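With PDB, C-alpha atoms, pLDDT in the B column inside, this is structure.pdb:
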ATOM      1  CA  MET A  21       0.628 -22.536 -21.302  1.00 46.00           C
ATOM      2  CA  ALA A  22      -0.849 -21.016 -24.382  1.00 57.00           C
ATOM      3  CA  GLY A  23      -4.089 -19.220 -23.748  1.00 55.00           C
ATOM      4  CA  SER A  24      -3.828 -19.130 -19.963  1.00 51.00           C
ATOM      5  CA  ARG A  25      -4.019 -15.764 -18.284  1.00 58.00           C
ATOM      6  CA  TYR A  26      -1.923 -14.761 -15.325  1.00 48.00           C
ATOM      7  CA  ALA A  27      -4.140 -12.987 -12.826  1.00 51.00           C
ATOM      8  CA  ARG A  28      -2.847 -10.975  -9.923  1.00 55.00           C
ATOM      9  CA  TRP A  29      -3.918  -8.011  -7.908  1.00 56.00           C
ATOM     10  CA  THR A  30      -1.903  -5.052  -8.997  1.00 56.00           C
ATOM     11  CA  VAL A  31      -1.566  -1.557  -7.685  1.00 49.00           C
ATOM     12  CA  GLU A  32      -2.489  -0.147 -11.063  1.00 57.00           C
ATOM     13  CA  GLY A  33      -5.496  -2.352 -11.692  1.00 58.00           C
ATOM     14  CA  ASP A  34      -7.186  -2.624  -8.313  1.00 80.00           C
ATOM     15  CA  VAL A  35      -7.046   0.833  -6.783  1.00 83.00           C
ATOM     16  CA  GLU A  36      -9.887   1.288  -4.326  1.00 89.00           C
ATOM     17  CA  THR A  37      -9.073   4.827  -3.166  1.00 92.00           C
ATOM     18  CA  ARG A  38      -6.928   7.485  -4.796  1.00 93.00           C
ATOM     19  CA  TRP A  39      -6.283  10.716  -2.950  1.00 95.00           C
ATOM     20  CA  MET A  40      -5.637  14.024  -4.704  1.00 96.00           C
ATOM     21  CA  CYS A  41      -1.987  13.980  -3.624  1.00 96.00           C
ATOM     22  CA  GLY A  42      -1.365  10.656  -5.380  1.00 94.00           C
ATOM     23  CA  CYS A  43      -1.481   8.279  -2.411  1.00 94.00           C
ATOM     24  CA  ILE A  44      -3.520   5.128  -3.079  1.00 91.00           C
ATOM     25  CA  GLN A  45      -5.083   2.154  -1.345  1.00 89.00           C
ATOM     26  CA  THR A  46      -5.800  -1.072  -3.216  1.00 84.00           C
ATOM     27  CA  VAL A  47      -8.690  -3.450  -2.643  1.00 82.00           C
ATOM     28  CA  ASP A  48      -6.326  -5.890  -0.901  1.00 80.00           C
ATOM     29  CA  GLY A  49      -5.144  -3.315   1.644  1.00 83.00           C
ATOM     30  CA  TYR A  50      -1.893  -2.149   0.050  1.00 85.00           C
ATOM     31  CA  PHE A  51      -1.060   1.527   0.503  1.00 89.00           C
ATOM     32  CA  GLY A  52       1.094   3.399  -1.963  1.00 89.00           C
ATOM     33  CA  PHE A  53       2.297   6.815  -0.903  1.00 94.00           C
ATOM     34  CA  CYS A  54       3.082   9.883  -2.967  1.00 95.00           C
ATOM     35  CA  GLN A  55       6.544  11.447  -2.780  1.00 96.00           C
ATOM     36  CA  LYS A  56       5.317  14.165  -0.419  1.00 97.00           C
ATOM     37  CA  HIS A  57       3.822  11.815   2.190  1.00 97.00           C
ATOM     38  CA  ARG A  58       6.096   8.755   1.862  1.00 96.00           C
ATOM     39  CA  PRO A  59       8.830   9.721   4.368  1.00 97.00           C
ATOM     40  CA  THR A  60       6.414  10.750   7.114  1.00 97.00           C
ATOM     41  CA  LEU A  61       4.022   7.842   6.694  1.00 96.00           C
ATOM     42  CA  GLU A  62       6.751   5.214   6.440  1.00 95.00           C
ATOM     43  CA  ALA A  63       8.360   6.523   9.647  1.00 96.00           C
ATOM     44  CA  ASP A  64       4.979   6.512  11.422  1.00 96.00           C
ATOM     45  CA  ILE A  65       4.207   2.971  10.272  1.00 94.00           C
ATOM     46  CA  ARG A  66       7.585   1.674  11.406  1.00 95.00           C
ATOM     47  CA  ALA A  67       7.163   3.331  14.808  1.00 96.00           C
ATOM     48  CA  ARG A  68       3.686   1.853  15.211  1.00 96.00           C
ATOM     49  CA  ILE A  69       4.849  -1.645  14.234  1.00 95.00           C
ATOM     50  CA  ASP A  70       7.712  -1.385  16.750  1.00 95.00           C
ATOM     51  CA  GLU A  71       5.208  -0.310  19.407  1.00 95.00           C
ATOM     52  CA  LEU A  72       2.918  -3.235  18.621  1.00 94.00           C
ATOM     53  CA  ASP A  73       5.853  -5.667  18.697  1.00 94.00           C
ATOM     54  CA  LYS A  74       6.741  -4.522  22.193  1.00 93.00           C
ATOM     55  CA  GLN A  75       3.180  -5.248  23.346  1.00 92.00           C
ATOM     56  CA  SER A  76       3.209  -8.847  22.166  1.00 78.00           C
TER      57      SER A  76
END

How would this structure read if it were set down as C-alpha coordinates?
Amino acid sequence: MAGSRYARWTVEGDVETRWMCGCIQTVDGYFGFCQKHRPTLEADIRARIDELDKQS
(Lines of atoms letter the chains of each structure in order from A and count residues from 1; the text may use other names and numbers.)
(Lines give C-alpha, C1' and ligand atoms only; values in the text may rest on other atoms or scores of the structure.)
Protein backbone atom coordinates (compact mmCIF):
# COMPACT_ATOMS: atom_id res chain seq x y z
CA MET A 1 0.00 0.00 0.00
CA ALA A 2 2.27 2.72 -1.20
CA GLY A 3 1.35 6.12 0.11
CA SER A 4 -1.05 4.93 2.80
CA ARG A 5 -0.38 6.02 6.34
CA TYR A 6 -0.85 3.82 9.35
CA ALA A 7 -2.57 5.82 12.05
CA ARG A 8 -2.80 4.74 15.65
CA TRP A 9 -2.99 6.35 19.02
CA THR A 10 0.36 6.07 20.65
CA VAL A 11 1.61 6.85 24.10
CA GLU A 12 4.27 9.11 22.68
CA GLY A 13 2.05 11.02 20.29
CA ASP A 14 -1.18 11.50 22.19
CA VAL A 15 -0.20 12.38 25.74
CA GLU A 16 -2.94 14.41 27.39
CA THR A 17 -1.34 14.82 30.83
CA ARG A 18 2.27 14.45 31.89
CA TRP A 19 3.15 14.70 35.56
CA MET A 20 6.52 15.94 36.81
CA CYS A 21 7.45 12.44 37.98
CA GLY A 22 7.05 11.01 34.47
CA CYS A 23 3.63 9.37 34.78
CA ILE A 24 1.35 10.06 31.81
CA GLN A 25 -2.24 9.77 30.66
CA THR A 26 -3.13 9.58 26.97
CA VAL A 27 -6.21 11.00 25.29
CA ASP A 28 -7.68 7.49 25.03
CA GLY A 29 -7.40 6.83 28.77
CA TYR A 30 -4.14 4.87 28.93
CA PHE A 31 -1.98 5.51 31.99
CA GLY A 32 1.76 5.02 31.91
CA PHE A 33 3.53 5.07 35.24
CA CYS A 34 7.04 6.17 36.13
CA GLN A 35 9.41 3.72 37.82
CA LYS A 36 8.77 5.27 41.24
CA HIS A 37 4.97 4.95 41.15
CA ARG A 38 4.52 1.80 39.01
CA PRO A 39 4.63 -0.86 41.77
CA THR A 40 2.23 0.96 44.08
CA LEU A 41 -0.25 1.99 41.40
CA GLU A 42 -0.30 -1.40 39.69
CA ALA A 43 -0.99 -3.12 43.03
CA ASP A 44 -3.77 -0.63 43.81
CA ILE A 45 -5.36 -1.08 40.38
CA ARG A 46 -5.29 -4.87 40.65
CA ALA A 47 -6.86 -4.72 44.12
CA ARG A 48 -9.59 -2.37 42.89
CA ILE A 49 -10.37 -4.55 39.86
CA ASP A 50 -10.60 -7.61 42.13
CA GLU A 51 -12.96 -5.68 44.41
CA LEU A 52 -15.15 -4.65 41.48
CA ASP A 53 -15.22 -8.23 40.16
CA LYS A 54 -16.53 -9.46 43.48
CA GLN A 55 -19.38 -6.93 43.30
CA SER A 56 -20.61 -8.11 39.92

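Note that the spacing between atom CA of A:Glu36 and atom CA of A:Phe53 amounts to 13.8 Å.
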
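One distance worth recording is that between atom CA of A:Ile44 and atom CA of A:Thr60, which is 15.3 Å.
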
For this session: Apply the PyMOL selection byres ((chain A and resi 51) around 12) to the displayed file and report the matching residues as a PyMOL selection string.
Result: chain A and resi 30-32+34-39+42-50+52-54+57-58+61-62+65

With C-alpha atoms retained, export the selected residues as a CSV table (one decimal), keeping the file's coordinate frame.
chain,number,residue,atom,x,y,z
A,30,THR,CA,-1.9,-5.1,-9.0
A,31,VAL,CA,-1.6,-1.6,-7.7
A,32,GLU,CA,-2.5,-0.1,-11.1
A,34,ASP,CA,-7.2,-2.6,-8.3
A,35,VAL,CA,-7.0,0.8,-6.8
A,36,GLU,CA,-9.9,1.3,-4.3
A,37,THR,CA,-9.1,4.8,-3.2
A,38,ARG,CA,-6.9,7.5,-4.8
A,39,TRP,CA,-6.3,10.7,-3.0
A,42,GLY,CA,-1.4,10.7,-5.4
A,43,CYS,CA,-1.5,8.3,-2.4
A,44,ILE,CA,-3.5,5.1,-3.1
A,45,GLN,CA,-5.1,2.2,-1.3
A,46,THR,CA,-5.8,-1.1,-3.2
A,47,VAL,CA,-8.7,-3.4,-2.6
A,48,ASP,CA,-6.3,-5.9,-0.9
A,49,GLY,CA,-5.1,-3.3,1.6
A,50,TYR,CA,-1.9,-2.1,0.0
A,52,GLY,CA,1.1,3.4,-2.0
A,53,PHE,CA,2.3,6.8,-0.9
A,54,CYS,CA,3.1,9.9,-3.0
A,57,HIS,CA,3.8,11.8,2.2
A,58,ARG,CA,6.1,8.8,1.9
A,61,LEU,CA,4.0,7.8,6.7
A,62,GLU,CA,6.8,5.2,6.4
A,65,ILE,CA,4.2,3.0,10.3

Mind giving me the axis-aligned box for stretch 37-43 of chain A with 6 Å on every side, centre plus edges in Å to one decimal, as JSON?
{"center_x": -5.2, "center_y": 9.4, "center_z": -3.9, "size_x": 19.7, "size_y": 21.2, "size_z": 15.0}
